[in-house]
Each structure stands twice: as C-alpha cells, then as structure tokens.
>>> print(open('upload.cif').read())   # mmCIF, C-alpha atoms
data_protein
#
loop_
_atom_site.label_atom_id
_atom_site.label_comp_id
_atom_site.auth_asym_id
_atom_site.auth_seq_id
_atom_site.Cartn_x
_atom_site.Cartn_y
_atom_site.Cartn_z
CA MET T 3 169.83 147.49 -135.16
CA ARG T 4 173.21 146.56 -136.57
CA ARG T 5 175.64 149.14 -137.80
CA ASP T 6 177.87 148.78 -140.82
CA VAL T 7 181.41 148.90 -139.55
CA VAL T 8 184.25 149.07 -142.03
CA PRO T 9 187.55 148.40 -140.30
CA PRO T 10 190.41 150.71 -141.36
CA THR T 11 192.90 149.10 -143.71
CA GLY T 12 196.27 150.10 -145.10
CA VAL T 13 197.27 152.28 -142.12
CA ALA T 14 201.05 152.50 -141.74
CA GLY T 15 202.46 151.68 -138.35
CA PRO T 16 204.50 154.11 -136.27
CA ALA T 17 207.73 152.26 -137.05
CA LEU T 18 207.30 153.08 -140.74
CA LEU T 19 206.08 156.65 -140.26
CA ASP T 20 209.02 157.58 -138.02
CA LEU T 21 211.76 156.53 -140.44
CA GLU T 22 214.19 159.12 -141.70
CA ILE T 23 216.09 158.90 -144.95
CA ALA T 24 219.65 157.66 -144.63
CA ASP T 25 221.13 161.01 -145.58
CA GLY T 26 219.50 162.59 -142.53
CA SER T 27 216.57 164.38 -144.19
CA ALA T 28 213.36 164.16 -142.20
CA ALA T 29 210.48 161.99 -143.30
CA PRO T 30 207.13 163.65 -144.07
CA ALA T 31 205.15 164.79 -141.06
CA ARG T 32 203.02 162.08 -139.48
CA ARG T 33 199.31 162.24 -140.10
CA PRO T 34 197.07 161.80 -137.05
CA GLN T 35 196.04 158.18 -136.66
CA PRO T 36 192.52 157.03 -135.74
CA PRO T 37 192.09 155.77 -132.19
CA PRO T 38 192.63 152.01 -131.92
CA ALA T 39 189.54 149.79 -131.92
CA ASP T 40 188.48 148.28 -128.64
CA GLY T 41 190.34 145.07 -127.98
CA PRO T 42 189.44 142.15 -125.73
CA THR T 43 188.65 143.18 -122.18
CA TRP T 44 191.77 141.58 -120.75
CA LYS T 45 191.88 143.89 -117.76
CA PHE T 46 188.52 142.46 -116.66
CA HIS T 47 189.51 138.86 -117.39
CA PRO T 48 190.44 136.88 -114.27
CA ILE T 49 193.11 135.00 -116.20
CA GLY T 50 194.70 138.16 -117.55
CA ARG T 51 197.29 137.69 -120.24
CA THR T 52 200.84 136.50 -120.48
CA ALA T 53 202.15 140.03 -120.90
CA GLN T 54 200.71 143.46 -120.26
CA PRO T 55 198.80 144.90 -123.21
CA GLY T 56 199.64 148.19 -124.79
CA PRO T 57 201.21 149.55 -127.96
CA PRO T 58 204.96 149.12 -128.30
CA SER T 59 207.05 152.19 -127.85
CA ALA T 60 207.72 153.90 -131.16
CA PRO T 61 211.29 153.45 -132.39
CA GLY T 62 213.43 156.51 -132.82
CA PRO T 63 214.34 157.89 -136.24
CA LEU T 64 216.69 155.80 -138.33
CA ARG T 65 220.06 157.43 -138.76
CA PRO T 66 223.15 156.18 -140.56
CA PRO T 67 225.28 154.15 -138.16
CA ALA T 68 228.56 155.64 -137.07
CA GLN T 69 231.30 154.71 -139.53
CA PRO T 70 234.39 152.97 -138.21
CA PRO T 71 237.58 155.00 -138.70
CA HIS T 72 239.58 154.30 -141.80
CA PRO T 73 242.43 151.91 -141.11
CA ARG T 74 245.69 153.82 -140.47
CA ASP T 75 249.26 152.83 -140.92
CA ASP T 76 250.89 152.74 -137.47
CA ARG T 77 254.08 154.27 -138.88
CA THR T 78 252.72 157.08 -141.05
CA GLY T 79 249.30 157.60 -139.53
CA ARG T 80 247.85 157.60 -143.03
CA PRO T 81 245.57 155.05 -144.73
CA PRO T 82 247.62 152.13 -146.11
CA GLY T 83 248.65 152.29 -149.74
CA ASN T 84 248.35 155.48 -151.75
CA PRO T 85 246.47 157.95 -149.52
CA HIS T 86 245.32 159.88 -152.57
CA PHE T 87 243.86 156.86 -154.36
CA ARG T 88 240.07 156.58 -154.49
CA ASP T 89 237.96 153.85 -156.00
CA ASP T 90 236.34 155.20 -159.17
CA ARG T 91 233.06 153.45 -158.34
CA THR T 92 232.68 154.28 -154.66
CA GLY T 93 234.94 157.31 -154.25
CA ARG T 94 236.36 155.76 -151.08
CA PRO T 95 239.82 154.35 -150.30
CA PRO T 96 240.13 150.71 -151.33
CA GLY T 97 239.55 148.01 -148.76
CA ASN T 98 237.19 150.17 -146.74
CA PRO T 99 233.66 149.40 -148.02
CA GLN T 100 230.65 151.21 -146.63
CA PRO T 101 228.92 148.89 -144.13
CA PRO T 102 225.27 148.15 -144.90
CA ILE T 103 222.67 150.37 -143.28
CA ALA T 104 220.85 148.56 -140.48
CA HIS T 105 217.05 148.56 -140.75
CA PRO T 106 214.85 148.46 -137.66
CA GLN T 107 213.29 145.18 -136.72
CA ALA T 108 209.51 144.94 -136.40
CA PRO T 109 208.55 145.07 -132.72
CA GLN T 110 207.69 141.68 -131.25
CA LEU T 111 204.25 141.89 -129.62
CA PRO T 112 203.42 139.63 -126.69
CA PRO T 113 200.82 136.93 -127.33
CA LEU T 114 197.28 138.19 -126.88
CA ARG T 115 195.78 134.98 -125.54
CA PRO T 116 196.84 133.24 -122.36
CA PRO T 117 197.79 129.60 -122.75
CA LEU T 118 195.07 127.00 -122.35
CA PRO T 119 195.82 124.09 -120.00
CA GLU T 120 196.33 120.76 -121.74
CA SER T 121 193.36 119.26 -119.90
CA GLN T 122 191.01 121.87 -121.37
CA ARG T 123 191.96 121.39 -125.01
CA ASP T 124 189.81 119.52 -127.51
CA LEU T 125 186.63 120.17 -125.51
CA PRO T 126 183.31 121.51 -126.80
CA GLY T 127 182.65 125.19 -126.27
CA SER T 128 184.77 128.30 -126.61
CA ARG T 129 188.27 129.09 -125.44
CA GLY T 130 186.86 131.84 -123.24
CA GLU T 131 184.59 129.49 -121.31
CA HIS T 132 187.47 127.05 -120.82
CA LEU T 133 189.69 129.79 -119.39
CA LEU T 134 186.96 130.95 -117.02
CA GLN T 135 186.38 127.39 -115.89
CA CYS T 136 190.03 127.31 -114.85
CA ALA T 137 189.76 130.72 -113.16
CA TYR T 138 186.62 129.84 -111.20
CA GLY T 139 187.45 126.21 -110.50
CA THR T 140 184.51 124.69 -112.39
CA GLN T 141 186.48 122.40 -114.72
CA ASP T 142 185.11 119.17 -113.24
CA ARG T 143 181.47 120.26 -113.43
CA ALA T 144 181.98 121.55 -116.96
CA ARG T 145 183.64 118.34 -118.13
CA ARG T 146 180.75 116.30 -116.74
CA PHE T 147 178.30 118.51 -118.65
CA TYR T 148 180.29 118.23 -121.87
CA ARG T 149 180.51 114.46 -121.46
CA ASP T 150 176.88 113.82 -120.50
CA GLN T 151 174.89 116.50 -122.35
CA VAL T 152 176.69 117.93 -125.42
CA LEU T 153 176.44 116.30 -128.86
CA ASP T 154 177.64 117.37 -132.30
CA ARG T 155 174.38 116.16 -133.84
CA LEU T 156 170.71 115.65 -132.96
CA ASN T 157 169.78 112.37 -131.32
CA ASP T 158 166.32 110.83 -131.68
CA GLU T 159 164.89 112.60 -128.63
CA MET T 160 166.15 115.96 -129.85
CA ILE T 161 164.64 115.41 -133.30
CA VAL T 162 161.23 114.71 -131.76
CA PHE T 163 161.57 117.79 -129.53
CA VAL T 164 162.43 120.09 -132.45
CA GLY T 165 159.54 118.69 -134.47
CA ARG T 166 156.93 119.75 -131.92
CA MET T 167 158.31 123.21 -131.19
CA GLU T 168 156.15 126.23 -132.12
CA MET T 169 158.75 128.91 -131.42
CA ALA T 170 162.50 129.50 -131.39
CA PHE T 171 164.90 132.31 -130.54
CA VAL T 172 167.61 132.90 -133.15
CA GLY T 173 170.92 134.62 -132.37
CA THR T 174 173.21 135.98 -135.11
CA ALA T 175 176.08 138.44 -135.46
CA ASP T 176 177.59 140.30 -138.38
CA ALA T 177 181.23 140.24 -139.46
CA ALA T 178 182.13 142.89 -136.86
CA GLY T 179 180.45 140.96 -134.02
CA GLU T 180 177.38 143.21 -133.77
CA CYS T 181 174.68 140.89 -132.40
CA ASP T 182 170.98 140.46 -133.04
CA THR T 183 168.42 138.11 -131.53
CA THR T 184 165.08 137.45 -133.15
CA PHE T 185 161.99 135.32 -132.58
CA ARG T 186 160.54 132.79 -135.00
CA ALA T 187 157.23 130.97 -134.57
CA GLY T 188 154.88 128.72 -136.48
CA PRO T 189 152.87 125.52 -136.21
CA PRO T 190 154.63 122.36 -134.98
CA GLY T 191 157.06 121.28 -137.68
CA PHE T 192 157.88 124.78 -138.92
CA LEU T 193 161.39 123.93 -137.68
CA HIS T 194 162.04 121.16 -140.18
CA VAL T 195 164.67 118.52 -139.30
CA LEU T 196 166.33 117.54 -142.58
CA ASP T 197 168.57 114.96 -140.88
CA ASP T 198 170.45 114.56 -137.61
CA ARG T 199 172.88 117.35 -138.55
CA ARG T 200 170.60 119.89 -140.29
CA ILE T 201 167.62 122.00 -139.23
CA ALA T 202 165.79 124.31 -141.65
CA TYR T 203 163.39 127.09 -140.75
CA PRO T 204 161.40 129.27 -143.18
CA GLU T 205 161.76 132.97 -143.87
CA TYR T 206 158.62 134.85 -144.94
CA ARG T 207 157.89 138.33 -146.16
CA GLY T 208 158.63 140.66 -143.23
CA ASN T 209 159.54 144.27 -142.58
CA GLY T 210 162.22 144.22 -145.28
CA VAL T 211 165.13 144.85 -142.92
CA LEU T 212 166.50 141.29 -143.19
CA ALA T 213 168.66 141.75 -140.08
CA SER T 214 169.20 138.05 -139.37
CA LEU T 215 169.76 137.09 -142.99
CA GLY T 216 172.12 140.02 -143.42
CA ASN T 217 174.17 138.83 -140.46
CA ILE T 218 174.24 135.25 -141.77
CA SER T 219 175.45 136.50 -145.16
CA GLU T 220 178.52 137.96 -143.37
CA ASN T 221 178.95 135.51 -140.49
CA PRO T 222 177.43 132.01 -140.68
CA HIS T 223 177.47 131.32 -136.93
CA VAL T 224 173.92 130.89 -135.61
CA ALA T 225 172.46 129.96 -132.23
CA LEU T 226 168.97 128.49 -131.83
CA LEU T 227 167.20 128.25 -128.47
CA MET T 228 163.96 126.28 -128.30
CA ILE T 229 162.02 126.11 -125.03
CA ASP T 230 159.01 124.03 -124.10
CA PHE T 231 157.06 126.38 -121.81
CA VAL T 232 153.93 124.20 -121.76
CA ARG T 233 154.55 120.51 -121.28
CA ASP T 234 158.01 119.41 -120.16
CA LEU T 235 159.56 122.78 -119.18
CA ILE T 236 162.90 122.08 -120.84
CA GLY T 237 165.03 123.76 -123.48
CA LEU T 238 167.39 122.78 -126.29
CA HIS T 239 170.35 124.77 -127.59
CA VAL T 240 171.52 124.18 -131.15
CA ASN T 241 174.62 126.05 -132.33
CA GLY T 242 176.05 125.78 -135.81
CA ARG T 243 176.70 127.37 -139.18
CA ALA T 244 173.87 128.51 -141.38
CA GLY T 245 173.28 129.14 -145.06
CA ILE T 246 170.45 130.87 -146.93
CA VAL T 247 168.67 128.62 -149.43
CA ASP T 248 165.89 129.60 -151.84
CA ASP T 249 162.60 127.80 -151.36
CA ALA T 250 162.72 126.15 -154.79
CA GLU T 251 166.26 124.87 -154.23
CA LEU T 252 165.51 123.26 -150.87
CA ARG T 253 162.19 121.90 -152.11
CA ALA T 254 164.01 120.15 -154.97
CA GLU T 255 166.04 118.25 -152.36
CA ARG T 256 163.16 117.75 -149.94
CA PRO T 257 159.81 117.59 -151.83
CA GLN T 258 157.90 116.74 -148.63
CA LEU T 259 158.40 120.23 -147.23
CA PRO T 260 155.01 121.80 -146.39
CA GLN T 261 153.57 123.76 -149.29
CA GLU T 262 152.31 126.53 -147.03
CA PHE T 263 152.18 127.52 -143.39
CA GLU T 264 149.11 129.08 -141.77
CA ARG T 265 146.78 131.22 -143.86
CA GLY T 266 148.52 130.57 -147.17
CA ARG T 267 151.91 131.97 -146.20
CA ILE T 268 154.58 130.47 -148.45
CA PRO T 269 158.27 130.63 -147.49
CA GLU T 270 160.41 132.84 -149.70
CA ARG T 271 163.61 131.15 -148.57
CA TRP T 272 165.00 128.93 -145.81
CA VAL T 273 167.82 129.09 -143.30
CA VAL T 274 169.58 125.74 -143.06
CA VAL T 275 171.57 125.32 -139.83
CA HIS T 276 174.35 122.72 -139.83
CA VAL T 277 174.54 121.45 -136.25
CA GLU T 278 177.85 121.74 -134.41
CA GLU T 279 176.59 121.63 -130.81
CA ALA T 280 173.31 120.47 -129.31
CA TYR T 281 172.68 120.45 -125.56
CA VAL T 282 169.98 120.78 -122.94
CA HIS T 283 168.79 123.98 -121.23
CA CYS T 284 168.02 123.47 -117.54
CA ARG T 285 164.33 123.56 -116.58
CA LYS T 286 164.89 125.13 -113.14
CA HIS T 287 163.87 128.68 -114.09
CA ILE T 288 161.58 128.01 -117.06
CA PRO T 289 158.04 129.25 -116.26
CA ARG T 290 154.99 127.21 -117.18
CA LEU T 291 152.76 128.98 -119.69
CA GLN T 292 149.24 128.20 -120.83
CA PRO T 293 148.46 128.72 -124.53
CA VAL T 294 145.21 130.52 -125.33
CA ALA T 295 143.45 131.00 -128.65
CA ARG T 296 143.95 134.30 -130.46
CA ASN T 297 143.16 135.83 -133.82
CA ARG T 298 146.21 136.62 -135.92
CA GLU T 299 146.39 139.22 -138.66
CA TRP T 300 148.42 137.21 -141.17
CA GLY T 301 149.82 139.09 -144.14
CA THR T 302 148.73 142.53 -143.00
CA ASP T 303 150.77 145.70 -143.36
CA ASP T 304 148.43 147.66 -141.14
CA ALA T 305 150.66 149.34 -138.55
CA ARG T 306 148.09 149.17 -135.77
CA ARG T 307 147.49 145.44 -136.22
CA LYS T 308 151.25 144.81 -136.27
CA GLY T 309 151.77 146.71 -133.00
CA GLY T 310 151.88 150.26 -134.20
CA ASP T 311 154.30 152.66 -132.53
CA TYR T 312 154.15 150.70 -129.27
CA PHE T 313 157.44 152.07 -127.88
CA GLY T 314 156.89 155.62 -129.14
CA VAL T 315 159.93 155.62 -131.42
CA ARG T 316 158.22 157.26 -134.36
CA ALA T 317 156.78 159.96 -132.09
CA ASP T 318 160.21 160.62 -130.56
CA GLN T 319 161.87 160.78 -133.97
CA GLY T 320 159.26 163.22 -135.20
CA ALA T 321 159.76 165.44 -132.17
CA THR T 322 163.50 165.73 -132.79
CA ARG T 323 163.30 166.51 -136.52
#
>>> encode(input="upload.cif", output="structure tokens")
Amino acid sequence: MRRDVVPPTGVAGPALLDLEIADGSAAPARRPQPPPADGPTWKFHPIGRTAQPGPPSAPGPLRPPAQPPHPRDDRTGRPPGNPHFRDDRTGRPPGNPQPPIAHPQAPQLPPLRPPLPESQRDLPGSRGEHLLQCAYGTQDRARRFYRDQVLDRLNDEMIVFVGRMEMAFVGTADAAGECDTTFRAGPPGFLHVLDDRRIAYPEYRGNGVLASLGNISENPHVALLMIDFVRDLIGLHVNGRAGIVDDAELRAERPQLPQEFERGRIPERWVVVHVEEAYVHCRKHIPRLQPVARNREWGTDDARRKGGDYFGVRADQGATR
C-alpha cells in the first residue's frame, strides 16, 4: 500500500541559521533539523558521480570584517585635517567611509548526475539505463534493440496484439515514487486501442482503495505489460502518460465502446494511456499456460468468494489489537 509522504518545505539551511548579527550578538539557537531524505544510491552506482556526495561544511558565524586603520599623517601621526572633526551623519572622520559588510556566498554543490556520453544522448529509455550500458559495456546491444524494437507508437501488429489480450499488468507510482503494480483482466478487447498512440482500459467498482488511480492523479507515468501465455508466448511493453476519463466523456468521443463487459459490468471511468514507448518482451522465459473454464462471482462483495483472508492479515491484525 502506498504511504502519503509530504516532503518538508521551508527549512532554513545551515548557512542561514549560523549567521550572527553584525554587531556581534549571537543568532537564535538552532533548532534540530530532520534527517535528510534518502538520495540516489550513488555509492552503489558503478559510474559514481563527478564529485563525492555529502553536505557542505557549515560556514562559520558572520562577523564584521576587520576595519583598516584610519589614514594617518606621516608628520603628525594624526588623521589628516582636523582630528576632532566628525561627520554629522556617520560620526566618523571624513574620507574614511565604513566598508560594506561582506555576506557569505551560497555553497556551490557539485553536480549530482554524472555526465552522459554524447553517443548515448537522444536515445529511448532512461538516463540510468544509458549510464549502466556504459558501465557494463552493453551500448552496442542496447542501440540495436532501440533501433530494431522500440517505437513511440503502436504499429499494426501491436494493435492486433493488444486487441486480443485478456489481461495486463499495470505499474504506477505516486508523486513520491512509491510504486504499485496491479492486474487488469477482461474479455478480448477490454484494452481498447483508440488510435496508434492511445490505449484505454476500463475501471470498475472495486475495493474502494483506488490505488492505481490515486497514483495516476499525482504522477501520470504508467507502464503496461501484456503477455500472451497461450498462443505465441510473447509480451509487449507500453509505457506512457495516463489520464482518468469518465465513461460518459470517453463514450462521447468513441460511441463504439462496448456498452458492458461480462455479466452487465459497466465501466465507471477509463484510464487513457498516451503511448511514449512500445517494445517487445522476449519469449525465452514465458511459460505456456492452458486456459480452463471457471465460474466467476461477478459483482459480489462476499469476502469468501473474493478470496477471504487468504494471507491471514485480518487475523494477524486482530491478534495485535
């Protein structure tokens, strides 16, 4: 289950908290700061980073800079002009203005991300996979795969494949990166190809948690994995950005959408995925499965028919309360 994570905001940095007033009085005592959030696992990354991570050393307290001595007359050893004269505005001898107080400069942090080789730029996929390809020497194989197998749309063969799928795995993440993977199934065509750049799948009444839709509402990135376990033993990845669309709104655009799916179930809303990447999943380790007939308890809220407390969670929770 995802957790709501609210990142801290408005926390002053150590450079600000350590300042002292120019007259030498101490700044208020520092409040304890929360521990920093986990950053990227650079120490485990074979590329590393261009500079060692770590917080910059805190600057010392700001104190007024040492004042240069007043100019003295070489003959008398006194300030030039009338030694008793003071400027009415500043109270200091004329011609000897107070130099401006120097303020500390913000520390310059090293770049967090190592540079990407020119040859790896403008390729499909993520920056992380490109860096690992360089680290592990797989650039040539990866470039062949990108060139031969990765599209930014669905071609005709992919559209036919999606249209006959009866299941899909859906990966989402919330704004903090907390991930969730779910399973969707239905009769062939429940994954509806709107065009070569859009796939829509229905959302029905469920357990009310709305984990996937909640993630999409914060973070539109979605990954679909469809696998043919029965006939061709092949898979298709579709990655893109998703939006939540009410059934009536999508049906106004696409009247030919099915009116119902299996046992009178009507979609409450749809997830429309805008395709950014589409590519094959190797068949080498896909098992062959044989479908068998089964009775399904559509629309039931009976806990036993839905699986009951299969993993004993409710029993464990009750024992600890």
>>> residues_around(input="upload.cif", residues="Val277 in chain T", least_positions_apart="4", cutoff="7 Å", atoms="only C-alpha atoms", output="VMD selection string")
chain T and resid 154 to 155 199 to 200 240 to 243
>>> atom_distance(input="upload.cif", atom1="CA of Thr183 in chain T", atom2="CA of Ala202 in chain T")
17.3 Å
>>> closest_residue(input="upload.cif", among="T:Asp198, T:Trp272, T:Ile246, T:Arg290", to="Glu159 in chain T", atoms="all atoms listed in the file")
T:Asp198
>>> axis_aligned_box(input="upload.cif", around="range 280-284 of chain T", padding_each_side="5 Å", output="AutoDock Vina command-line options")
--center_x 170.7 --center_y 122.2 --center_z -123.4 --size_x 15.3 --size_y 13.5 --size_z 21.8
>>> resolve_selection(input="upload.cif", expression="the PyMOL selection byres ((chain T and resi 176) around 8)", output="PyMOL selection string")
chain T and resi 4+174-175+177-181+216-218+220-221
>>> atom_distance(input="upload.cif", atom1="CA of Glu205 in chain T", atom2="CA of Val273 in chain T")
7.2 Å
>>> atom_distance(input="upload.cif", atom1="CA of Phe313 in chain T", atom2="CA of Asp182 in chain T")
18.6 Å
>>> resolve_selection(input="upload.cif", expression="the PyMOL selection byres ((chain T and resi 161) around 10)", output="ChimeraX atom specification")
/T:155-160,162-166,194-199,201
>>> decode(input="upload.cif", residues="range 128-140 of chain T", atoms="all heavy atoms", output="PDB file, in the first residue's frame")
ATOM      1  N   SER T 128      15.762   5.533 -20.133  1.00  0.00           N
ATOM      2  CA  SER T 128      16.114   6.462 -19.066  1.00  0.00           C
ATOM      3  C   SER T 128      17.602   6.752 -19.044  1.00  0.00           C
ATOM      4  O   SER T 128      18.419   5.999 -19.586  1.00  0.00           O
ATOM      5  CB  SER T 128      15.696   5.871 -17.712  1.00  0.00           C
ATOM      6  OG  SER T 128      16.531   4.766 -17.382  1.00  0.00           O
ATOM      7  N   ARG T 129      17.947   7.844 -18.369  1.00  0.00           N
ATOM      8  CA  ARG T 129      19.353   8.197 -18.204  1.00  0.00           C
ATOM      9  C   ARG T 129      20.092   7.109 -17.428  1.00  0.00           C
ATOM     10  O   ARG T 129      21.231   6.776 -17.732  1.00  0.00           O
ATOM     11  CB  ARG T 129      19.439   9.533 -17.468  1.00  0.00           C
ATOM     12  CG  ARG T 129      20.857  10.023 -17.213  1.00  0.00           C
ATOM     13  CD  ARG T 129      20.828  11.302 -16.394  1.00  0.00           C
ATOM     14  NE  ARG T 129      22.185  11.763 -16.137  1.00  0.00           N
ATOM     15  CZ  ARG T 129      22.875  12.558 -16.938  1.00  0.00           C
ATOM     16  NH1 ARG T 129      22.312  12.975 -18.060  1.00  0.00           N
ATOM     17  NH2 ARG T 129      24.098  12.941 -16.643  1.00  0.00           N
ATOM     18  N   GLY T 130      19.415   6.534 -16.424  1.00  0.00           N
ATOM     19  CA  GLY T 130      20.064   5.496 -15.633  1.00  0.00           C
ATOM     20  C   GLY T 130      20.452   4.293 -16.467  1.00  0.00           C
ATOM     21  O   GLY T 130      21.554   3.749 -16.315  1.00  0.00           O
ATOM     22  N   GLU T 131      19.559   3.846 -17.356  1.00  0.00           N
ATOM     23  CA  GLU T 131      19.913   2.677 -18.168  1.00  0.00           C
ATOM     24  C   GLU T 131      21.041   3.015 -19.125  1.00  0.00           C
ATOM     25  O   GLU T 131      21.897   2.176 -19.415  1.00  0.00           O
ATOM     26  CB  GLU T 131      18.687   2.143 -18.911  1.00  0.00           C
ATOM     27  CG  GLU T 131      18.098   3.003 -19.988  1.00  0.00           C
ATOM     28  CD  GLU T 131      16.775   2.461 -20.501  1.00  0.00           C
ATOM     29  OE1 GLU T 131      15.804   2.380 -19.727  1.00  0.00           O
ATOM     30  OE2 GLU T 131      16.707   2.142 -21.704  1.00  0.00           O
ATOM     31  N   HIS T 132      21.086   4.248 -19.621  1.00  0.00           N
ATOM     32  CA  HIS T 132      22.181   4.626 -20.523  1.00  0.00           C
ATOM     33  C   HIS T 132      23.526   4.619 -19.796  1.00  0.00           C
ATOM     34  O   HIS T 132      24.542   4.179 -20.340  1.00  0.00           O
ATOM     35  CB  HIS T 132      21.910   6.004 -21.119  1.00  0.00           C
ATOM     36  CG  HIS T 132      20.644   6.079 -21.918  1.00  0.00           C
ATOM     37  ND1 HIS T 132      19.952   7.257 -22.128  1.00  0.00           N
ATOM     38  CD2 HIS T 132      19.936   5.108 -22.549  1.00  0.00           C
ATOM     39  CE1 HIS T 132      18.874   7.001 -22.843  1.00  0.00           C
ATOM     40  NE2 HIS T 132      18.848   5.713 -23.115  1.00  0.00           N
ATOM     41  N   LEU T 133      23.531   5.123 -18.549  1.00  0.00           N
ATOM     42  CA  LEU T 133      24.775   5.114 -17.785  1.00  0.00           C
ATOM     43  C   LEU T 133      25.239   3.695 -17.479  1.00  0.00           C
ATOM     44  O   LEU T 133      26.430   3.385 -17.551  1.00  0.00           O
ATOM     45  CB  LEU T 133      24.589   5.906 -16.486  1.00  0.00           C
ATOM     46  CG  LEU T 133      24.460   7.420 -16.644  1.00  0.00           C
ATOM     47  CD1 LEU T 133      24.055   8.056 -15.321  1.00  0.00           C
ATOM     48  CD2 LEU T 133      25.759   8.030 -17.143  1.00  0.00           C
ATOM     49  N   LEU T 134      24.308   2.813 -17.138  1.00  0.00           N
ATOM     50  CA  LEU T 134      24.688   1.434 -16.861  1.00  0.00           C
ATOM     51  C   LEU T 134      25.160   0.724 -18.118  1.00  0.00           C
ATOM     52  O   LEU T 134      26.035  -0.146 -18.057  1.00  0.00           O
ATOM     53  CB  LEU T 134      23.509   0.687 -16.235  1.00  0.00           C
ATOM     54  CG  LEU T 134      23.169   1.076 -14.795  1.00  0.00           C
ATOM     55  CD1 LEU T 134      21.991   0.264 -14.292  1.00  0.00           C
ATOM     56  CD2 LEU T 134      24.369   0.882 -13.873  1.00  0.00           C
ATOM     57  N   GLN T 135      24.584   1.057 -19.251  1.00  0.00           N
ATOM     58  CA  GLN T 135      25.074   0.474 -20.501  1.00  0.00           C
ATOM     59  C   GLN T 135      26.543   0.828 -20.716  1.00  0.00           C
ATOM     60  O   GLN T 135      27.345  -0.017 -21.148  1.00  0.00           O
ATOM     61  CB  GLN T 135      24.230   0.975 -21.679  1.00  0.00           C
ATOM     62  CG  GLN T 135      22.812   0.433 -21.692  1.00  0.00           C
ATOM     63  CD  GLN T 135      21.871   1.281 -22.530  1.00  0.00           C
ATOM     64  OE1 GLN T 135      22.306   2.103 -23.351  1.00  0.00           O
ATOM     65  NE2 GLN T 135      20.571   1.101 -22.327  1.00  0.00           N
ATOM     66  N   CYS T 136      26.903   2.071 -20.383  1.00  0.00           N
ATOM     67  CA  CYS T 136      28.310   2.465 -20.498  1.00  0.00           C
ATOM     68  C   CYS T 136      29.165   1.716 -19.474  1.00  0.00           C
ATOM     69  O   CYS T 136      30.282   1.285 -19.773  1.00  0.00           O
ATOM     70  CB  CYS T 136      28.453   3.969 -20.291  1.00  0.00           C
ATOM     71  SG  CYS T 136      27.650   4.980 -21.547  1.00  0.00           S
ATOM     72  N   ALA T 137      28.644   1.565 -18.255  1.00  0.00           N
ATOM     73  CA  ALA T 137      29.422   0.909 -17.202  1.00  0.00           C
ATOM     74  C   ALA T 137      29.650  -0.558 -17.512  1.00  0.00           C
ATOM     75  O   ALA T 137      30.722  -1.099 -17.233  1.00  0.00           O
ATOM     76  CB  ALA T 137      28.691   1.058 -15.860  1.00  0.00           C
ATOM     77  N   TYR T 138      28.645  -1.231 -18.070  1.00  0.00           N
ATOM     78  CA  TYR T 138      28.730  -2.667 -18.298  1.00  0.00           C
ATOM     79  C   TYR T 138      29.077  -3.026 -19.736  1.00  0.00           C
ATOM     80  O   TYR T 138      29.127  -4.206 -20.080  1.00  0.00           O
ATOM     81  CB  TYR T 138      27.408  -3.329 -17.911  1.00  0.00           C
ATOM     82  CG  TYR T 138      27.042  -3.164 -16.449  1.00  0.00           C
ATOM     83  CD1 TYR T 138      25.714  -3.003 -16.071  1.00  0.00           C
ATOM     84  CD2 TYR T 138      28.018  -3.165 -15.457  1.00  0.00           C
ATOM     85  CE1 TYR T 138      25.368  -2.845 -14.731  1.00  0.00           C
ATOM     86  CE2 TYR T 138      27.685  -3.002 -14.127  1.00  0.00           C
ATOM     87  CZ  TYR T 138      26.363  -2.853 -13.763  1.00  0.00           C
ATOM     88  OH  TYR T 138      26.022  -2.693 -12.443  1.00  0.00           O
ATOM     89  N   GLY T 139      29.317  -2.031 -20.565  1.00  0.00           N
ATOM     90  CA  GLY T 139      29.754  -2.298 -21.931  1.00  0.00           C
ATOM     91  C   GLY T 139      28.689  -2.895 -22.835  1.00  0.00           C
ATOM     92  O   GLY T 139      29.011  -3.679 -23.734  1.00  0.00           O
ATOM     93  N   THR T 140      27.431  -2.525 -22.630  1.00  0.00           N
ATOM     94  CA  THR T 140      26.349  -3.087 -23.448  1.00  0.00           C
ATOM     95  C   THR T 140      25.768  -2.062 -24.415  1.00  0.00           C
ATOM     96  O   THR T 140      24.655  -2.239 -24.918  1.00  0.00           O
ATOM     97  CB  THR T 140      25.217  -3.614 -22.543  1.00  0.00           C
ATOM     98  OG1 THR T 140      24.609  -2.514 -21.836  1.00  0.00           O
ATOM     99  CG2 THR T 140      25.742  -4.631 -21.539  1.00  0.00           C
TER     100      THR T 140
END
